[in-house]
Protein chains: 2
Amino acid sequence: MDLHQLTRELHVKNDTKIVFYVADGLGGLPQRPGAMTELETANTPHLDALARAGVLGSSIPVLPGISPGSGPGHLGLFGYDPLQYKIGRGALEATGIGFELQEGDVAIRANFCTLDTEGNITDRRAGRIPTEKSAPLARKLREVEIPGVQIFVEPVKEHRFVIVFRGERLHGNVQDTDPQATGVPPFAPTANDAASQKTADVALEFVRQAREMLADQPKANGLTLRGFAEKPKLPSYEEVYGLRAAAIAVYPMYKGLARLVGMDIVGTPQTLDEQMSLLEENWAKYDFVFIHFKYTDSSGEDGNFAAKVKRTEEFDAAVPRITALNPDVIVVTGDHSTPSMLASHSWHPVPTLLVSKFCRTDACQKFGESECLRGGLGQFEAKHLMTLALANARRLNKYGA
Amino acid sequence: MDLHQLTRELHVKNDTKIVFYVADGLGGLPQRPGAMTELETANTPHLDALARAGVLGSSIPVLPGISPGSGPGHLGLFGYDPLQYKIGRGALEATGIGFELQEGDVAIRANFCTLDTEGNITDRRAGRIPTEKSAPLARKLREVEIPGVQIFVEPVKEHRFVIVFRGERLHGNVQDTDPQATGVPPFAPTANDAASQKTADVALEFVRQAREMLADQPKANGLTLRGFAEKPKLPSYEEVYGLRAAAIAVYPMYKGLARLVGMDIVGTPQTLDEQMSLLEENWAKYDFVFIHFKYTDSSGEDGNFAAKVKRTEEFDAAVPRITALNPDVIVVTGDHSTPSMLASHSWHPVPTLLVSKFCRTDACQKFGESECLRGGLGQFEAKHLMTLALANARRLNKYGA
C-alpha cells in the first residue's frame, strides 16, 4: 500500500503549521541494563513539558531489527516508505556534498586507487591519500571532455570523489568497476540493460582520459567507479501532502534529502541558533518546517555518552523558540537511534512525541525511551508519522463516506 | 516486502551465538478474568531473571486473531512469513513422522475408509481402525509397483497414513479424492494443471492396486487421498541469515520443520535434560540453536491448567544450562498460545523475551502475558523476531547509506 495514494486523495489545505524538530540519531542505550539512556540522562525541561502536553511513542525507522542509513532514516520520517524508495549510493553521495542532481543525471561514487605498470590495483584507496592532495586531482578531472555529455567532478574526502554525467539518454544501471580486490585491474564499466549502455560507454571514456591525466601520480594513478545512480524519483511534499515545506539544516546531506522531496532549503545556517532565527524569519511562508540537528548523532557515533547528553540538552534548550511561534503540530523525533554504546546507527525504536490540540494526550511525564513505551502512539513505523501530523493539523479529509 | 531480501543483503558473519528456546503453545489464559495465566502462575525464577535483564514483548504468530498450526507457527518464528510460505498438508504430515522429503517428491495424506460392494463409502475413517491393525495394512501397500516411480507408505495413527511418490516430473497440484460424504465413491485423482497429470495417473494406479490388496479387509478396504503436496521450497538459514543452525527437538514434527529451513538435526534426545546436554556438546559448532519443548502445548491441548503450570516450571528449570554457555542472544518464546481453557492452539499473542548486551532493557520484572504488555518489543509479528535476534547479535549491516 502506497501511503501517498491516500494522502494525495485526502489532503486539504488550511492555515495550520507543522514543525518536525529532528535530532539525528536521537535514540540511545543505557550504559548498563536498567540505567538511563543519553536522552533520559539529559536535563530536558522543555521536551518534558512537550511530553506532558503531547502524545509519545516509539518509531521504527524501517522494520524491527533494521538499522537505517541517513537516506532511509529520513525518507521514513518524510513519509516515504524506505523499502519502496531507494536512493542509489552515487545519488546519496552527490546529495551529501550538496550537489543538486537534475532529472536524468547519473551520479557515481569514485575512488582513487593505485595501479601497477600492468594496470592491476595495488591499493584500492590510493594509500588513503589526504584530502588536500586528492581534491586538486579530482578537480583536474573536470578537464575530461566527452561530446554531448556535461561532466561534473566534485572532491569528497581522502580517496573519494563524485562524478556526475549530464546528458540525453543516460541511465544508472551500470555495474561497479571496483573488483574489491588487489592484484587485478578495475572492471570495465558494464551496463546491465540496453538503456544504460551509453552511460557505460561514457564512463569507459572518462576512465581512459582520467588515467592519462593521472599517469604521473605516485599513488592516485587510477580510479574505480561505484554506485551508478540516477536522481531518485520522489513525489514532492506539495503533490502528496499539499504542503509548502522548508528545510533548515546545517549539513549538506540533510538539505539534499529534503530537496529530493521538494522542500525549499532555507538559508545557510551554521548553528542551531541561526536555524531558529531562520525559522522565525520564514514562519509566514511555509506550512511545514523540518529542522535538522546533527550533533546527537555525531556524538553517538563518537561513542561519547556524556557528549551526547550535552548535545541533547542543547537541542532541548532551543525548544522555546519553536513553541513561541505556536505551531499547530510539533513533532520531535530522530531518524534512527545512535547509541553511544554502539558508536553507530542502530535498529532501536526512536523516542517520538507529537503535540497538537487534538493529539489525545497520554500519561507520559518525560521524554525518553522508557516513557515512550507507555505512550499513546505505541510502536509504529516511521513512515506513518507524516500522516499523523497531517491529521493533527486537520489537513486530511476522512477516508470513504 | 520479503524480509529475506533484506537479511540476504545485510547479514554478516561473526562469532556470536543465538539461542531460540521455544516452549510450544507457551501463551495461555487465566481461569477467570483478572486471574493469572499458566505462565504467570508457574514459579519461573530463571525466566524472570532473564526478563529483568532483557526486553519483553508479545509476538503475533501470523496476524491478529489467527490461530496457527505448528507449520505456520514455526515458520513465523524462523523468520519465514507464514502467509507467503505454505507447507502443504501432505508435506507437513510426512515431516511430522520424520520422513525426509526430497526435492520433487509428492507427499499425500491418506485415510483408510470402508467401501460397500458398489464402491460407495460407508465409513470415511474405516471405523476408526486402531493403529495396531492399520499400520500393517499401510506397510502392505508398499508392495504397490508403478514403473518409474518409487513409492513410500508410512503408517501414522488409526486410519491415517502417508504416501510419498518419488520420480521424474511429479507435481502436487492434484485434487483431494475424499468426497467428505458417505454413500458416494471416492473421487478419481484429478490434476489441476498439466504438470500434475502424471501424479494423478500414478495416484489412480496406486488406488487400483491398493484396493486389490485390501479387498478382503472388513473395514479398511478402501482409501482416500488428501493434501497432495510437494516439498516446500524454503530458502535455508545459511543462505538468508548466514547462520550455521541446529535444532534440538524430541518430536519428529519440529525436527522436520527445522530441516525444511536447513537446520542440522542434532541427536535423538528424549528429555529436556538430554536436549541440554546436546546443546552443550554441540555449542562450538553452531551460530544458532533452536531448542523445542513440546509439553507446554500438549498439556494445554489436554485442557490441564495445573499440568501446563508444572511443564512451564520444567521448562524454566533448564534455563541455567543455557545461560551458563553465555549466548550473545537468548530468545524465549512460543510458536503460538495453547490456553488450557481452550484446549487448542489460539490466536493470543505469545509472551516473548530477548536478552543481549544491546537489547535496551525495559522495566519488566517477570516473564508473563501481562508484564509483556509493558515490554520494549511491543506487539510484533513473529516473523520479525529473527531480524531482531540478528541485529542484537550484530549480524546485520545497516540498510542504505
# chains A, B, ... in the order shown; residues from 1 in each chain; ligands from 1
call {"tool": "closest_atom_pairs", "arguments": {"of": "chain B", "to": "chain A", "cutoff": "10 Å", "atoms": "only C-alpha atoms", "output": "tab-separated table"}}
result
residue	atom	partner	partner_atom	distance
B:Met1	CA	A:Leu83	CA	7.7
B:Leu3	CA	A:Leu63	CA	9.1
B:Leu6	CA	A:Ile66	CA	8.6
B:Thr7	CA	A:Ile66	CA	9.1
B:Leu10	CA	A:Ile66	CA	9.1
B:Arg52	CA	A:Gly34	CA	8.4
B:Ala53	CA	A:Pro33	CA	6.5
B:Gly54	CA	A:Pro33	CA	8.1
B:Ser356	CA	A:Pro33	CA	9.9
B:Lys357	CA	A:Pro33	CA	8.1
B:Phe358	CA	A:Leu29	CA	7.5
B:Cys359	CA	A:His348	CA	8.3
B:Arg360	CA	A:Leu29	CA	5.9
B:Thr361	CA	A:Pro33	CA	5.7
B:Asp362	CA	A:Ser370	CA	6.7
B:Ala363	CA	A:Gly34	CA	7.4
B:Leu373	CA	A:Leu373	CA	9.6
B:Arg374	CA	A:Leu373	CA	7.0
B:Gly375	CA	A:Leu373	CA	7.4
B:Gly376	CA	A:Leu373	CA	6.4
B:Leu377	CA	A:Gln379	CA	8.4
B:Gly378	CA	A:Gln379	CA	6.6
B:Gln379	CA	A:Gln379	CA	8.1
B:Phe380	CA	A:Pro64	CA	8.5
B:Glu381	CA	A:Pro64	CA	9.6
B:Lys383	CA	A:Pro64	CA	9.8
B:His384	CA	A:Pro64	CA	6.1
B:Leu385	CA	A:Pro64	CA	8.0
B:Met386	CA	A:Gly65	CA	8.4
B:Thr387	CA	A:Gly65	CA	5.1
B:Leu388	CA	A:Gly65	CA	4.2
B:Ala389	CA	A:Gly65	CA	7.5
B:Leu390	CA	A:Gly65	CA	7.5
B:Ala391	CA	A:Gly65	CA	5.3
B:Asn392	CA	A:Gly65	CA	7.8
B:Arg394	CA	A:Ser346	CA	9.7
B:Leu396	CA	A:Ile66	CA	7.6
B:Asn397	CA	A:Ser67	CA	7.3
B:Lys398	CA	A:Ser67	CA	4.7
B:Tyr399	CA	A:Pro68	CA	4.7
B:Gly400	CA	A:Gly69	CA	4.9
B:Ala401	CA	A:Gly69	CA	4.5
call {"tool": "write_last_selection", "arguments": {"atoms": "N, CA and C atoms", "output": "CSV table (one decimal), in the first residue's frame"}}
result
chain,number,residue,atom,x,y,z
B,1,MET,N,6.8,-6.9,1.0
B,1,MET,CA,8.2,-6.9,1.2
B,1,MET,C,8.7,-8.2,1.8
B,3,LEU,N,11.2,-10.2,3.8
B,3,LEU,CA,12.2,-9.9,4.8
B,3,LEU,C,13.6,-10.4,4.4
B,6,LEU,N,16.1,-8.4,2.5
B,6,LEU,CA,16.9,-7.6,3.4
B,6,LEU,C,18.0,-8.4,4.1
B,7,THR,N,17.6,-9.5,4.7
B,7,THR,CA,18.6,-10.2,5.5
B,7,THR,C,19.7,-10.8,4.6
B,10,LEU,N,22.0,-7.9,3.9
B,10,LEU,CA,22.6,-7.2,5.1
B,10,LEU,C,23.4,-8.0,6.0
B,52,ARG,N,14.2,-9.6,33.6
B,52,ARG,CA,14.7,-8.4,34.2
B,52,ARG,C,16.0,-7.9,33.4
B,53,ALA,N,16.7,-8.8,32.8
B,53,ALA,CA,17.9,-8.4,32.1
B,53,ALA,C,17.6,-8.0,30.6
B,54,GLY,N,16.4,-8.5,30.2
B,54,GLY,CA,16.1,-8.4,28.7
B,54,GLY,C,15.0,-7.5,28.4
B,356,SER,N,20.2,-9.6,25.3
B,356,SER,CA,21.5,-9.4,24.7
B,356,SER,C,22.1,-8.2,25.4
B,357,LYS,N,23.4,-7.9,25.2
B,357,LYS,CA,24.0,-6.8,25.7
B,357,LYS,C,23.4,-5.5,25.2
B,358,PHE,N,22.8,-5.5,24.0
B,358,PHE,CA,22.4,-4.3,23.4
B,358,PHE,C,20.8,-4.3,23.2
B,359,CYS,N,20.1,-5.0,24.1
B,359,CYS,CA,18.7,-5.2,23.9
B,359,CYS,C,17.8,-4.0,24.3
B,360,ARG,N,18.4,-3.0,25.0
B,360,ARG,CA,17.6,-1.9,25.6
B,360,ARG,C,16.6,-2.5,26.6
B,361,THR,N,17.1,-2.9,27.7
B,361,THR,CA,16.3,-3.5,28.8
B,361,THR,C,15.1,-2.6,29.1
B,362,ASP,N,13.9,-3.2,29.3
B,362,ASP,CA,12.8,-2.4,29.7
B,362,ASP,C,12.5,-2.6,31.2
B,363,ALA,N,11.4,-2.1,31.7
B,363,ALA,CA,11.1,-2.1,33.2
B,363,ALA,C,10.5,-3.4,33.7
B,373,LEU,N,3.1,-6.9,28.1
B,373,LEU,CA,2.4,-5.7,27.5
B,373,LEU,C,3.1,-4.4,27.8
B,374,ARG,N,4.0,-4.4,28.8
B,374,ARG,CA,4.7,-3.2,29.1
B,374,ARG,C,6.1,-3.2,28.5
B,375,GLY,N,6.4,-4.2,27.7
B,375,GLY,CA,7.7,-4.5,27.2
B,375,GLY,C,8.2,-3.6,26.1
B,376,GLY,N,9.5,-3.5,25.9
B,376,GLY,CA,10.1,-2.7,24.9
B,376,GLY,C,9.9,-3.2,23.5
B,377,LEU,N,9.6,-4.5,23.3
B,377,LEU,CA,9.4,-5.0,22.0
B,377,LEU,C,8.0,-4.8,21.5
B,378,GLY,N,7.1,-4.3,22.4
B,378,GLY,CA,5.7,-4.1,22.0
B,378,GLY,C,5.0,-5.3,21.5
B,379,GLN,N,4.0,-5.1,20.6
B,379,GLN,CA,3.4,-6.3,19.9
B,379,GLN,C,4.0,-6.3,18.5
B,380,PHE,N,4.4,-7.4,18.1
B,380,PHE,CA,5.1,-7.5,16.8
B,380,PHE,C,4.8,-8.8,16.1
B,381,GLU,N,4.8,-8.9,14.8
B,381,GLU,CA,4.6,-10.2,14.1
B,381,GLU,C,5.8,-11.0,14.3
B,383,LYS,N,7.4,-13.0,12.6
B,383,LYS,CA,8.4,-13.1,11.6
B,383,LYS,C,9.5,-12.1,11.7
B,384,HIS,N,9.3,-11.0,12.6
B,384,HIS,CA,10.4,-10.1,12.8
B,384,HIS,C,11.4,-10.5,13.8
B,385,LEU,N,11.1,-11.6,14.5
B,385,LEU,CA,12.0,-11.9,15.7
B,385,LEU,C,13.4,-12.3,15.3
B,386,MET,N,13.5,-13.0,14.1
B,386,MET,CA,14.8,-13.4,13.7
B,386,MET,C,15.7,-12.2,13.3
B,387,THR,N,15.0,-11.2,12.7
B,387,THR,CA,15.7,-9.9,12.3
B,387,THR,C,16.2,-9.3,13.6
B,388,LEU,N,15.4,-9.2,14.6
B,388,LEU,CA,15.8,-8.6,15.9
B,388,LEU,C,16.9,-9.4,16.5
B,389,ALA,N,16.9,-10.7,16.5
B,389,ALA,CA,17.9,-11.5,17.1
B,389,ALA,C,19.3,-11.3,16.3
B,390,LEU,N,19.2,-11.2,15.0
B,390,LEU,CA,20.4,-11.0,14.2
B,390,LEU,C,21.0,-9.6,14.5
B,391,ALA,N,20.1,-8.6,14.6
B,391,ALA,CA,20.5,-7.2,15.0
B,391,ALA,C,21.3,-7.2,16.3
B,392,ASN,N,20.7,-7.9,17.3
B,392,ASN,CA,21.3,-7.9,18.6
B,392,ASN,C,22.6,-8.7,18.7
B,394,ARG,N,24.6,-8.4,16.3
B,394,ARG,CA,25.5,-7.5,15.5
B,394,ARG,C,25.8,-8.2,14.2
B,396,LEU,N,23.9,-7.8,11.3
B,396,LEU,CA,23.3,-7.1,10.2
B,396,LEU,C,23.9,-5.8,10.0
B,397,ASN,N,24.4,-5.5,8.8
B,397,ASN,CA,24.8,-4.2,8.4
B,397,ASN,C,23.6,-3.2,8.3
B,398,LYS,N,24.0,-2.0,8.2
B,398,LYS,CA,22.8,-1.0,8.1
B,398,LYS,C,22.3,-1.0,6.7
B,399,TYR,N,21.0,-0.6,6.6
B,399,TYR,CA,20.3,-0.6,5.3
B,399,TYR,C,20.4,0.8,4.7
B,400,GLY,N,21.0,0.9,3.5
B,400,GLY,CA,21.1,2.1,2.8
B,400,GLY,C,22.2,2.9,3.5
B,401,ALA,N,22.7,3.9,2.7
B,401,ALA,CA,23.9,4.7,3.2
B,401,ALA,C,23.4,5.9,4.0
call {"tool": "residues_around", "arguments": {"residues": "Val266 (chain A)", "least_positions_apart": "6", "cutoff": "8 Å", "atoms": "only C-alpha atoms", "output": "ChimeraX atom specification"}}
result
/A:246-249,278
call {"tool": "closest_residue", "arguments": {"among": "B:Gly256, B:Gly96, B:Pro351, B:Pro320", "to": "Lys366 (chain B)", "atoms": "only C-alpha atoms"}}
result
B:Pro351
call {"tool": "select_by_dssp", "arguments": {"residues": "region 37-105 of chain B", "states": "strand (DSSP E or B)", "output": "VMD selection string"}}
result
chain B and resid 55 to 60
call {"tool": "residues_around", "arguments": {"residues": "region 137-150 of chain A", "least_positions_apart": "2", "cutoff": "8 Å", "atoms": "only C-alpha atoms", "output": "JSON list (two decimals) with N, CA and C atoms, in the first residue's frame"}}
result
[["chain", "number", "residue", "atom", "x", "y", "z"],
["A", 133, "LYS", "N", 45.53, 16.58, -0.98],
["A", 133, "LYS", "CA", 46.18, 16.12, -2.22],
["A", 133, "LYS", "C", 45.15, 15.62, -3.23],
["A", 134, "SER", "N", 44.09, 14.96, -2.71],
["A", 134, "SER", "CA", 43.15, 14.33, -3.65],
["A", 134, "SER", "C", 42.19, 15.36, -4.27],
["A", 135, "ALA", "N", 41.83, 16.39, -3.53],
["A", 135, "ALA", "CA", 40.85, 17.35, -4.02],
["A", 135, "ALA", "C", 41.31, 18.04, -5.31],
["A", 152, "PHE", "N", 30.61, 16.65, -14.27],
["A", 152, "PHE", "CA", 30.93, 17.33, -13.03],
["A", 152, "PHE", "C", 31.79, 16.38, -12.19],
["A", 153, "VAL", "N", 32.83, 16.92, -11.61],
["A", 153, "VAL", "CA", 33.64, 16.10, -10.69],
["A", 153, "VAL", "C", 33.79, 16.90, -9.41],
["A", 154, "GLU", "N", 33.44, 16.30, -8.29],
["A", 154, "GLU", "CA", 33.49, 17.00, -7.01],
["A", 154, "GLU", "C", 34.30, 16.18, -6.00],
["A", 155, "PRO", "N", 35.27, 16.80, -5.37],
["A", 155, "PRO", "CA", 36.03, 16.09, -4.33],
["A", 155, "PRO", "C", 35.12, 15.77, -3.15],
["A", 161, "PHE", "N", 35.63, 10.68, -4.42],
["A", 161, "PHE", "CA", 35.07, 11.83, -5.12],
["A", 161, "PHE", "C", 33.80, 11.41, -5.84],
["A", 165, "PHE", "N", 27.39, 12.64, -14.62],
["A", 165, "PHE", "CA", 27.24, 12.80, -16.07],
["A", 165, "PHE", "C", 25.86, 13.39, -16.33],
["A", 166, "ARG", "N", 25.81, 14.41, -17.15],
["A", 166, "ARG", "CA", 24.52, 15.02, -17.51],
["A", 166, "ARG", "C", 24.38, 15.04, -19.02],
["A", 167, "GLY", "N", 23.29, 14.49, -19.54],
["A", 167, "GLY", "CA", 23.11, 14.47, -20.99],
["A", 167, "GLY", "C", 21.87, 13.68, -21.35],
["A", 168, "GLU", "N", 21.66, 13.48, -22.64],
["A", 168, "GLU", "CA", 20.50, 12.73, -23.10],
["A", 168, "GLU", "C", 20.70, 11.23, -22.87],
["A", 202, "VAL", "N", 30.30, 6.15, -21.81],
["A", 202, "VAL", "CA", 30.80, 7.44, -21.33],
["A", 202, "VAL", "C", 31.78, 7.21, -20.17],
["A", 205, "GLU", "N", 35.16, 5.96, -21.41],
["A", 205, "GLU", "CA", 35.95, 7.04, -22.00],
["A", 205, "GLU", "C", 36.47, 7.99, -20.89],
["A", 206, "PHE", "N", 35.62, 8.19, -19.87],
["A", 206, "PHE", "CA", 36.05, 9.03, -18.74],
["A", 206, "PHE", "C", 37.28, 8.42, -18.08],
["A", 209, "GLN", "N", 40.50, 8.83, -20.27],
["A", 209, "GLN", "CA", 41.10, 10.16, -20.23],
["A", 209, "GLN", "C", 41.67, 10.47, -18.84],
["A", 210, "ALA", "N", 40.93, 10.03, -17.79],
["A", 210, "ALA", "CA", 41.38, 10.30, -16.43],
["A", 210, "ALA", "C", 42.72, 9.63, -16.17],
["A", 213, "MET", "N", 45.49, 11.63, -17.50],
["A", 213, "MET", "CA", 45.77, 12.82, -16.69],
["A", 213, "MET", "C", 46.47, 12.48, -15.37],
["A", 214, "LEU", "N", 46.25, 11.25, -14.89],
["A", 214, "LEU", "CA", 46.79, 10.85, -13.58],
["A", 214, "LEU", "C", 48.08, 10.05, -13.70]]
call {"tool": "select_by_dssp", "arguments": {"residues": "region 89-124 of chain A", "states": "alpha helix (DSSP H)", "output": "ChimeraX atom specification"}}
result
/A:89-96
call {"tool": "residues_around", "arguments": {"residues": "region 225-227 of chain B", "least_positions_apart": "4", "cutoff": "8 Å", "atoms": "only C-alpha atoms", "output": "MDAnalysis selection string"}}
result
chainID B and resid 88:90 107:111 175:178
call {"tool": "write_last_selection", "arguments": {"atoms": "C-alpha atoms", "output": "compact mmCIF listing (two decimals), in the first residue's frame"}}
result
# COMPACT_ATOMS: atom_id res chain seq x y z
CA GLY B 88 1.04 -28.46 2.01
CA ARG B 89 -0.84 -30.89 4.23
CA GLY B 90 0.82 -33.99 2.79
CA ALA B 107 3.52 -36.41 -0.33
CA ILE B 108 -0.10 -37.35 0.29
CA ARG B 109 -2.09 -37.75 3.46
CA ALA B 110 -4.18 -40.92 3.01
CA ASN B 111 -7.10 -42.34 5.01
CA GLN B 175 -7.44 -32.54 -6.01
CA ASP B 176 -8.41 -34.46 -2.87
CA THR B 177 -10.23 -37.72 -3.58
CA ASP B 178 -12.17 -37.66 -0.30
call {"tool": "residues_around", "arguments": {"residues": "Pro179 (chain B)", "least_positions_apart": "3", "cutoff": "12 Å", "atoms": "only C-alpha atoms", "output": "NGL selection string"}}
result
:B and (113 or 120-124 or 175-176 or 182-189 or 223-226)
call {"tool": "closest_residue", "arguments": {"among": "B:Thr271, B:Thr338, B:Thr199, B:Asn326", "to": "Trp283 (chain B)", "atoms": "only C-alpha atoms"}}
result
B:Asn326
